[in-house]
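So this one's start.tsv, TSV, C-alpha atoms:
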```tsv
chain	number	residue	atom	x	y	z
A	481	MET	CA	-0.37	1.74	-26.43
A	482	ASP	CA	2.63	-0.51	-27.01
A	483	LEU	CA	3.12	-2.78	-24.00
A	484	ARG	CA	5.50	-5.29	-25.53
A	485	ASP	CA	8.48	-4.18	-23.44
A	486	ILE	CA	6.75	-4.50	-20.05
A	487	ARG	CA	8.71	-6.71	-17.63
A	488	MET	CA	7.18	-5.80	-14.25
A	489	VAL	CA	3.64	-5.12	-12.98
A	490	VAL	CA	3.21	-3.25	-9.71
A	491	THR	CA	-0.20	-2.85	-8.12
A	492	ASP	CA	-1.62	-1.27	-5.01
A	493	MET	CA	-4.21	-3.39	-3.21
A	494	ASP	CA	-7.10	-1.58	-1.48
A	495	GLY	CA	-9.12	0.41	-3.99
A	496	THR	CA	-7.03	-1.00	-6.82
A	497	LEU	CA	-6.48	-4.76	-7.08
A	498	LEU	CA	-8.98	-5.59	-4.33
A	499	ASN	CA	-12.66	-5.13	-5.11
A	500	PRO	CA	-14.93	-3.19	-2.69
A	501	GLU	CA	-15.33	-6.41	-0.68
A	502	HIS	CA	-11.51	-6.58	-0.27
A	503	GLN	CA	-11.19	-9.64	-2.50
A	504	VAL	CA	-8.90	-10.57	-5.39
A	505	SER	CA	-10.70	-11.86	-8.48
A	506	ASP	CA	-10.15	-15.31	-9.95
A	507	ARG	CA	-9.48	-13.56	-13.25
A	508	PHE	CA	-6.46	-11.83	-11.76
A	509	PHE	CA	-4.95	-15.14	-10.68
A	510	GLU	CA	-5.50	-16.55	-14.18
A	511	LEU	CA	-3.82	-13.53	-15.76
A	512	PHE	CA	-1.00	-13.69	-13.23
A	513	HIS	CA	-0.07	-17.25	-14.20
A	514	HIS	CA	-0.31	-16.47	-17.90
A	515	LEU	CA	1.86	-13.35	-17.64
A	516	GLN	CA	4.31	-14.99	-15.27
A	517	GLY	CA	4.87	-17.57	-18.01
A	518	LYS	CA	5.77	-14.68	-20.31
A	519	GLY	CA	8.46	-13.48	-17.90
A	520	ILE	CA	6.47	-10.75	-16.12
A	521	ARG	CA	7.48	-10.08	-12.49
A	522	PHE	CA	4.67	-9.04	-10.14
A	523	VAL	CA	4.96	-6.69	-7.17
A	524	ALA	CA	2.18	-5.99	-4.66
A	525	ALA	CA	2.57	-2.57	-3.01
A	526	SER	CA	0.31	-1.60	-0.14
A	527	GLY	CA	-0.07	0.31	3.07
A	528	ARG	CA	-1.21	-3.00	4.50
A	529	GLN	CA	0.76	-5.20	6.83
A	530	TYR	CA	2.90	-7.84	5.11
A	531	HIS	CA	0.95	-10.72	6.69
A	532	SER	CA	-2.35	-9.23	5.56
A	533	MET	CA	-1.05	-8.91	2.00
A	534	VAL	CA	0.07	-12.53	2.03
A	535	ASP	CA	-3.37	-13.61	3.23
A	536	LYS	CA	-5.02	-11.86	0.28
A	537	LEU	CA	-2.53	-13.28	-2.26
A	538	GLU	CA	-1.83	-16.62	-0.60
A	539	ARG	CA	-2.25	-18.59	-3.85
A	540	ILE	CA	0.73	-16.80	-5.44
A	541	ALA	CA	2.57	-15.43	-2.41
A	542	GLY	CA	5.70	-17.44	-3.15
A	543	ASP	CA	5.97	-15.96	-6.64
A	544	ILE	CA	5.61	-12.23	-6.01
A	545	LEU	CA	7.48	-9.47	-4.21
A	546	PHE	CA	5.76	-7.52	-1.44
A	547	ILE	CA	6.16	-3.81	-0.72
A	548	ALA	CA	4.35	-3.52	2.62
A	549	GLU	CA	3.63	-0.77	5.15
A	550	ASN	CA	3.70	1.91	2.43
A	551	GLY	CA	7.25	0.99	1.43
A	552	ALA	CA	8.82	0.68	4.88
A	553	LEU	CA	9.19	-3.09	4.42
A	554	VAL	CA	10.04	-5.06	1.27
A	555	ARG	CA	9.91	-8.86	1.37
A	556	ASP	CA	10.68	-11.55	-1.20
A	557	GLY	CA	9.69	-14.87	0.33
A	558	ASP	CA	11.53	-15.23	3.65
A	559	LYS	CA	14.07	-12.57	2.68
A	560	THR	CA	13.75	-8.95	3.83
A	561	LEU	CA	15.11	-6.70	1.08
A	562	LEU	CA	14.43	-3.35	2.74
A	563	SER	CA	13.42	-2.20	6.22
A	564	THR	CA	13.03	1.48	7.08
A	565	PRO	CA	11.70	1.89	10.64
A	566	LEU	CA	10.79	5.10	12.42
A	567	PRO	CA	13.30	6.49	14.93
A	568	ALA	CA	12.07	5.62	18.44
A	569	ASP	CA	11.77	9.26	19.54
A	570	ARG	CA	9.60	10.14	16.53
A	571	GLN	CA	7.47	7.08	17.16
A	572	ARG	CA	6.62	8.38	20.64
A	573	GLU	CA	6.02	11.88	19.31
A	574	ILE	CA	3.58	10.69	16.65
A	575	LEU	CA	1.66	8.55	19.14
A	576	GLY	CA	1.40	11.54	21.48
A	577	ARG	CA	0.11	13.77	18.68
A	578	ALA	CA	-2.39	11.15	17.51
A	579	GLY	CA	-3.66	10.71	21.05
A	580	ARG	CA	-4.79	14.32	21.11
A	581	ILE	CA	-6.92	14.03	17.96
A	582	ASP	CA	-10.60	13.39	18.64
A	583	GLY	CA	-11.80	10.19	17.01
A	584	ALA	CA	-8.30	8.97	16.08
A	585	HIS	CA	-7.37	5.30	16.41
A	586	PRO	CA	-3.57	4.85	16.15
A	587	VAL	CA	-1.92	1.56	15.21
A	588	LEU	CA	1.77	0.92	15.86
A	589	CYS	CA	2.92	-1.14	12.88
A	590	ALA	CA	6.06	-3.24	13.45
A	591	ALA	CA	7.55	-5.67	10.95
A	592	GLY	CA	6.11	-8.78	12.57
A	593	LYS	CA	2.84	-7.54	14.02
A	594	ALA	CA	0.79	-4.46	14.81
A	595	TYR	CA	-0.13	-3.10	18.22
A	596	VAL	CA	-3.36	-1.36	19.13
A	597	ARG	CA	-5.28	-0.26	22.19
A	598	GLY	CA	-8.41	-2.28	22.87
A	599	HIS	CA	-10.72	0.56	23.90
A	600	SER	CA	-12.92	0.28	20.80
A	601	GLY	CA	-14.43	-3.03	19.78
A	602	GLU	CA	-15.83	-1.41	16.65
A	603	PHE	CA	-12.34	-0.36	15.56
A	604	LEU	CA	-10.90	-3.81	16.30
A	605	ARG	CA	-13.42	-5.27	13.87
A	606	VAL	CA	-12.17	-2.84	11.21
A	607	LEU	CA	-8.54	-3.56	12.08
A	608	ALA	CA	-8.93	-7.28	11.45
A	609	GLU	CA	-9.46	-6.63	7.73
A	610	TYR	CA	-6.09	-4.87	7.37
A	611	TYR	CA	-3.91	-6.58	9.99
A	612	ALA	CA	-3.67	-10.36	10.17
A	613	GLU	CA	-1.19	-10.25	13.06
A	614	TYR	CA	-1.78	-7.82	15.93
A	615	SER	CA	-1.76	-7.56	19.72
A	616	VAL	CA	-3.98	-5.47	21.98
A	617	VAL	CA	-1.95	-3.55	24.57
A	618	ASP	CA	-2.68	-1.07	27.36
A	619	GLU	CA	-0.18	1.56	26.21
A	620	LEU	CA	1.31	1.87	22.73
A	621	GLU	CA	4.10	4.05	24.10
A	622	ALA	CA	5.34	1.09	26.16
A	623	VAL	CA	5.78	-1.20	23.13
A	624	ASP	CA	9.46	-2.06	22.56
A	625	ASP	CA	9.28	-3.09	18.92
A	626	PRO	CA	10.63	-0.85	16.11
A	627	ALA	CA	7.72	0.58	14.12
A	628	MET	CA	7.62	0.65	10.33
A	629	LYS	CA	4.93	3.33	10.64
A	630	VAL	CA	2.10	4.66	12.76
A	631	ALA	CA	-1.24	4.23	10.97
A	632	ILE	CA	-4.13	6.35	12.23
A	633	TYR	CA	-7.76	5.56	11.47
A	634	HIS	CA	-10.81	7.82	11.58
A	635	PHE	CA	-14.30	6.45	11.03
A	636	GLU	CA	-15.50	9.52	9.12
A	637	ASN	CA	-12.67	11.00	7.05
A	638	SER	CA	-8.89	10.84	7.52
A	639	GLU	CA	-8.08	13.66	5.12
A	640	LYS	CA	-10.38	16.05	6.99
A	641	TYR	CA	-9.77	15.07	10.61
A	642	ILE	CA	-6.36	13.34	10.86
A	643	TYR	CA	-4.14	14.89	8.19
A	644	PRO	CA	-4.45	18.63	9.12
A	645	PRO	CA	-3.14	18.35	12.71
A	646	LEU	CA	-0.23	16.17	11.53
A	647	GLN	CA	0.58	17.99	8.29
A	648	ASP	CA	3.49	19.93	9.80
A	649	LEU	CA	5.34	16.64	10.34
A	650	GLU	CA	5.86	16.51	6.56
A	651	SER	CA	8.97	18.65	6.98
A	652	ASP	CA	10.95	15.55	7.94
A	653	LEU	CA	8.57	12.55	7.85
A	654	GLN	CA	6.17	10.91	5.42
A	655	VAL	CA	2.57	11.82	6.23
A	656	LYS	CA	0.33	10.06	3.74
A	657	VAL	CA	-3.44	10.01	3.36
A	658	SER	CA	-3.47	6.37	2.32
A	659	GLY	CA	-7.22	5.84	2.17
A	660	SER	CA	-10.49	7.54	3.00
A	661	ASN	CA	-10.09	6.50	6.65
A	662	TRP	CA	-6.30	6.18	7.08
A	663	VAL	CA	-3.27	8.43	7.50
A	664	ASP	CA	0.19	6.82	7.73
A	665	VAL	CA	3.24	8.47	9.29
A	666	SER	CA	6.65	6.96	8.60
A	667	HIS	CA	10.37	7.52	8.01
A	668	PRO	CA	11.09	10.06	5.21
A	669	ASN	CA	12.38	7.25	2.97
A	670	ALA	CA	9.52	4.91	3.80
A	671	HIS	CA	7.24	5.35	0.81
A	672	LYS	CA	6.27	3.17	-2.13
A	673	GLY	CA	8.33	5.20	-4.58
A	674	TYR	CA	11.60	4.74	-2.71
A	675	ALA	CA	10.93	1.03	-2.21
A	676	LEU	CA	9.98	0.50	-5.85
A	677	SER	CA	13.05	2.39	-7.06
A	678	GLN	CA	15.22	-0.10	-5.15
A	679	VAL	CA	13.24	-3.04	-6.55
A	680	MET	CA	13.57	-1.71	-10.11
A	681	ARG	CA	17.28	-1.13	-9.67
A	682	ASP	CA	17.83	-4.67	-8.39
A	683	ALA	CA	15.72	-6.13	-11.21
A	684	GLY	CA	17.47	-4.03	-13.87
A	685	VAL	CA	14.26	-2.57	-15.29
A	686	HIS	CA	13.50	1.02	-16.30
A	687	ALA	CA	10.39	3.22	-16.44
A	688	GLY	CA	9.36	1.96	-19.88
A	689	GLN	CA	9.32	-1.64	-18.66
A	690	VAL	CA	7.18	-1.17	-15.56
A	691	MET	CA	3.38	-0.91	-15.29
A	692	VAL	CA	2.00	0.61	-12.06
A	693	PHE	CA	-1.58	0.80	-10.74
A	694	GLY	CA	-2.81	2.98	-7.86
A	695	ASP	CA	-5.71	4.90	-6.41
A	696	TYR	CA	-4.59	7.04	-3.46
A	697	ASN	CA	-1.99	9.59	-2.37
A	698	ASN	CA	0.39	6.98	-0.99
A	699	ASP	CA	0.73	5.68	-4.57
A	700	LEU	CA	1.90	8.96	-6.11
A	701	GLU	CA	5.67	8.42	-5.84
A	702	MET	CA	5.59	4.96	-7.37
A	703	LEU	CA	3.28	6.06	-10.18
A	704	GLU	CA	5.87	8.66	-11.16
A	705	LEU	CA	8.47	5.93	-11.70
A	706	SER	CA	6.60	4.35	-14.61
A	707	ASP	CA	5.84	5.36	-18.18
A	708	PHE	CA	2.75	3.16	-17.84
A	709	SER	CA	1.11	4.51	-14.68
A	710	PHE	CA	-2.62	3.83	-14.33
A	711	ALA	CA	-5.11	5.57	-12.05
A	712	MET	CA	-8.23	3.66	-11.17
A	713	ALA	CA	-11.52	5.35	-12.10
A	714	ASN	CA	-12.26	5.52	-8.36
A	715	ALA	CA	-8.90	7.18	-7.58
A	716	HIS	CA	-8.25	10.29	-5.51
A	717	PRO	CA	-8.16	13.47	-7.68
A	718	ASN	CA	-4.41	13.81	-7.08
A	719	VAL	CA	-3.84	10.36	-8.57
A	720	LEU	CA	-6.13	11.01	-11.52
A	721	LYS	CA	-4.11	14.13	-12.24
A	722	ARG	CA	-0.65	12.57	-11.98
A	723	ALA	CA	-1.07	9.14	-13.60
A	724	ARG	CA	-0.41	8.90	-17.33
A	725	TYR	CA	-3.42	6.66	-18.03
A	726	ARG	CA	-6.74	5.67	-16.50
A	727	THR	CA	-8.49	2.35	-16.22
A	728	LEU	CA	-11.82	1.10	-14.88
A	729	SER	CA	-12.65	1.17	-11.18
A	730	ASN	CA	-11.67	-1.58	-8.75
A	731	SER	CA	-15.30	-2.75	-8.74
A	732	GLU	CA	-15.03	-3.20	-12.52
A	733	GLN	CA	-11.69	-5.06	-12.42
A	734	GLY	CA	-9.70	-2.17	-13.83
A	735	VAL	CA	-6.34	-3.86	-13.19
A	736	GLU	CA	-7.44	-7.01	-14.98
A	737	HIS	CA	-8.78	-4.95	-17.88
A	738	VAL	CA	-5.29	-3.58	-18.57
A	739	LEU	CA	-3.54	-6.88	-17.89
A	740	GLU	CA	-5.70	-8.48	-20.55
A	741	GLN	CA	-4.36	-5.92	-23.02
A	742	LEU	CA	-0.82	-6.72	-21.86
A	743	ALA	CA	-1.43	-10.45	-22.33
A	744	GLU	CA	-2.66	-9.87	-25.88
A	745	GLN	CA	0.58	-8.11	-26.84
A	746	LEU	CA	3.09	-10.51	-25.31
```
Translate this structure into structure tokens?
Amino acid sequence: MDLRDIRMVVTDMDGTLLNPEHQVSDRFFELFHHLQGKGIRFVAASGRQYHSMVDKLERIAGDILFIAENGALVRDGDKTLLSTPLPADRQREILGRAGRIDGAHPVLCAAGKAYVRGHSGEFLRVLAEYYAEYSVVDELEAVDDPAMKVAIYHFENSEKYIYPPLQDLESDLQVKVSGSNWVDVSHPNAHKGYALSQVMRDAGVHAGQVMVFGDYNNDLEMLELSDFSFAMANAHPNVLKRARYRTLSNSEQGVEHVLEQLAEQL
């Protein structure tokens, strides 16, 4: 595999760059600085909130570009490059639909913070891992803050319990199973592929110059933009099928394993 023309590395976070304890390895930071010195641009792409992504990558946050909220928000330092919120009427519709699903915990995700009901202390403990900035409110429908997406959590299985009753919304919205416990609903253009296509255009790079890592269905569109798309060994079957290459699992530092090969060739 000839990686000498790579100019950009794009990686998902949960299940990909982050280990099962939701941590970034010291080896990644070492490789980042080495590859940055070789002219490689790094992009973190996640369903996570922007502030949560920054917390995880604080040591290098000023040197990378963030695709947050599954592509609804793109930030480079203090500059917002792309913002694709949900229409207000659809926001209310999605919240109403989610409220009728047994065991669903909806989160209204705005650009600056997330909003959640406080009826489940157990869910709030889960939420704190993914959202660094959030407020507990009585009614999500009363929040007057444009949403980048509505994220819906289920303690058992999102693909089994959350996705089916919302699947029909795919006719004109993005409905993504973004993890084993999460489904995200957003604007039709709010996905990682659309966001990355804009980033690639602005950077003047093409598919043969971009390396992409992912593990779940919300990564599919961005994986298709790269000639060097890697599925983690722990990836969803859809991702394993669509990515061009495979690497080790996130518990085995699969991203770092490939970046070491990149570093050897540059």
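Using all atoms listed in the file, the shortest contact distance between Leu562 of chain A and any of A:Val665, A:Ala715, A:Leu545, A:Val685 is found at A:Leu545.
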Practice problem: Determine, counting only C-alpha atoms, which protein, DNA and RNA residues have an atom within 12 Å of an atom of Glu501 of chain A; residues of the same chain fewer than 3 positions away are not included. Present the result as a PyMOL selection string. | Solution: chain A and resi 493-498+504-505+536+609+730-731
Please return, as a compact mmCIF listing (two decimals) with C-alpha atoms, in the coordinates of the input, all polymer residues that have at least one atom within 12 Å of the point (15.6, -0.1, -8.7); use all atoms listed in the file and the file's own coordinate frame.
```txt
# COMPACT_ATOMS: atom_id res chain seq x y z
CA MET A 488 7.18 -5.80 -14.25
CA LEU A 561 15.11 -6.70 1.08
CA LEU A 562 14.43 -3.35 2.74
CA LYS A 672 6.27 3.17 -2.13
CA GLY A 673 8.33 5.20 -4.58
CA TYR A 674 11.60 4.74 -2.71
CA ALA A 675 10.93 1.03 -2.21
CA LEU A 676 9.98 0.50 -5.85
CA SER A 677 13.05 2.39 -7.06
CA GLN A 678 15.22 -0.10 -5.15
CA VAL A 679 13.24 -3.04 -6.55
CA MET A 680 13.57 -1.71 -10.11
CA ARG A 681 17.28 -1.13 -9.67
CA ASP A 682 17.83 -4.67 -8.39
CA ALA A 683 15.72 -6.13 -11.21
CA GLY A 684 17.47 -4.03 -13.87
CA VAL A 685 14.26 -2.57 -15.29
CA HIS A 686 13.50 1.02 -16.30
CA ALA A 687 10.39 3.22 -16.44
CA GLN A 689 9.32 -1.64 -18.66
CA VAL A 690 7.18 -1.17 -15.56
CA MET A 702 5.59 4.96 -7.37
CA LEU A 705 8.47 5.93 -11.70
CA SER A 706 6.60 4.35 -14.61
```
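Among the candidate residues A:Arg487, A:His502, A:Arg577, A:Arg726, the one lying nearest to Lys518 of chain A is A:Arg487, with distances computed using all atoms listed in the file.
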Quiz prompt | Surrounding residues of Ala631 of chain A excluding itself and chain neighbours under 5 positions, 7 Å, only C-alpha atoms, as a PyMOL selection string | solution = chain A and resi 586-588+662-665
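Counting from atom CA of Leu700 of chain A, the distance to atom CA of Tyr643 of chain A is 16.6 Å.
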Self-check item: Distance of atom CA of Asp558 of chain A from atom CA of Lys593 of chain A, expressed in Å to one decimal place
Solution: 15.6 Å
Quiz item: How many Å lie between atom CA of Pro644 of chain A and atom CA of Gln571 of chain A, rounded to one decimal?
Solution: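 So the answer is 18.4 Å.
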Quiz item: Counting all atoms listed in the file, which of A:Ala612, A:Arg597, A:Pro626, A:Phe603 gets nearest to Arg572 of chain A?
Solution: A:Pro626
Practice problem: Select, from A:Gly557, A:Gly583, A:Pro717, A:Gly527, the residue with the minimum atom-to-atom distance to His671 of chain A, counting all atoms listed in the file. | Solution: A:Gly527
Quiz prompt | Nearest-residue call for Met533 of chain A, choices A:Ile547, A:Met481, A:Ile520, A:Ala608, using only C-alpha atoms | solution =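 Among A:Ile547, A:Met481, A:Ile520, A:Ala608, it is A:Ile547 that comes nearest to Met533 of chain A.
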Practice problem: Point out the residue among A:Phe693, A:Tyr530, A:Phe546, A:Tyr641 with the least atom-to-atom distance to Glu736 of chain A, counting only C-alpha atoms. | Solution: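 That would be A:Phe693, the residue with the smallest distance to Glu736 of chain A.
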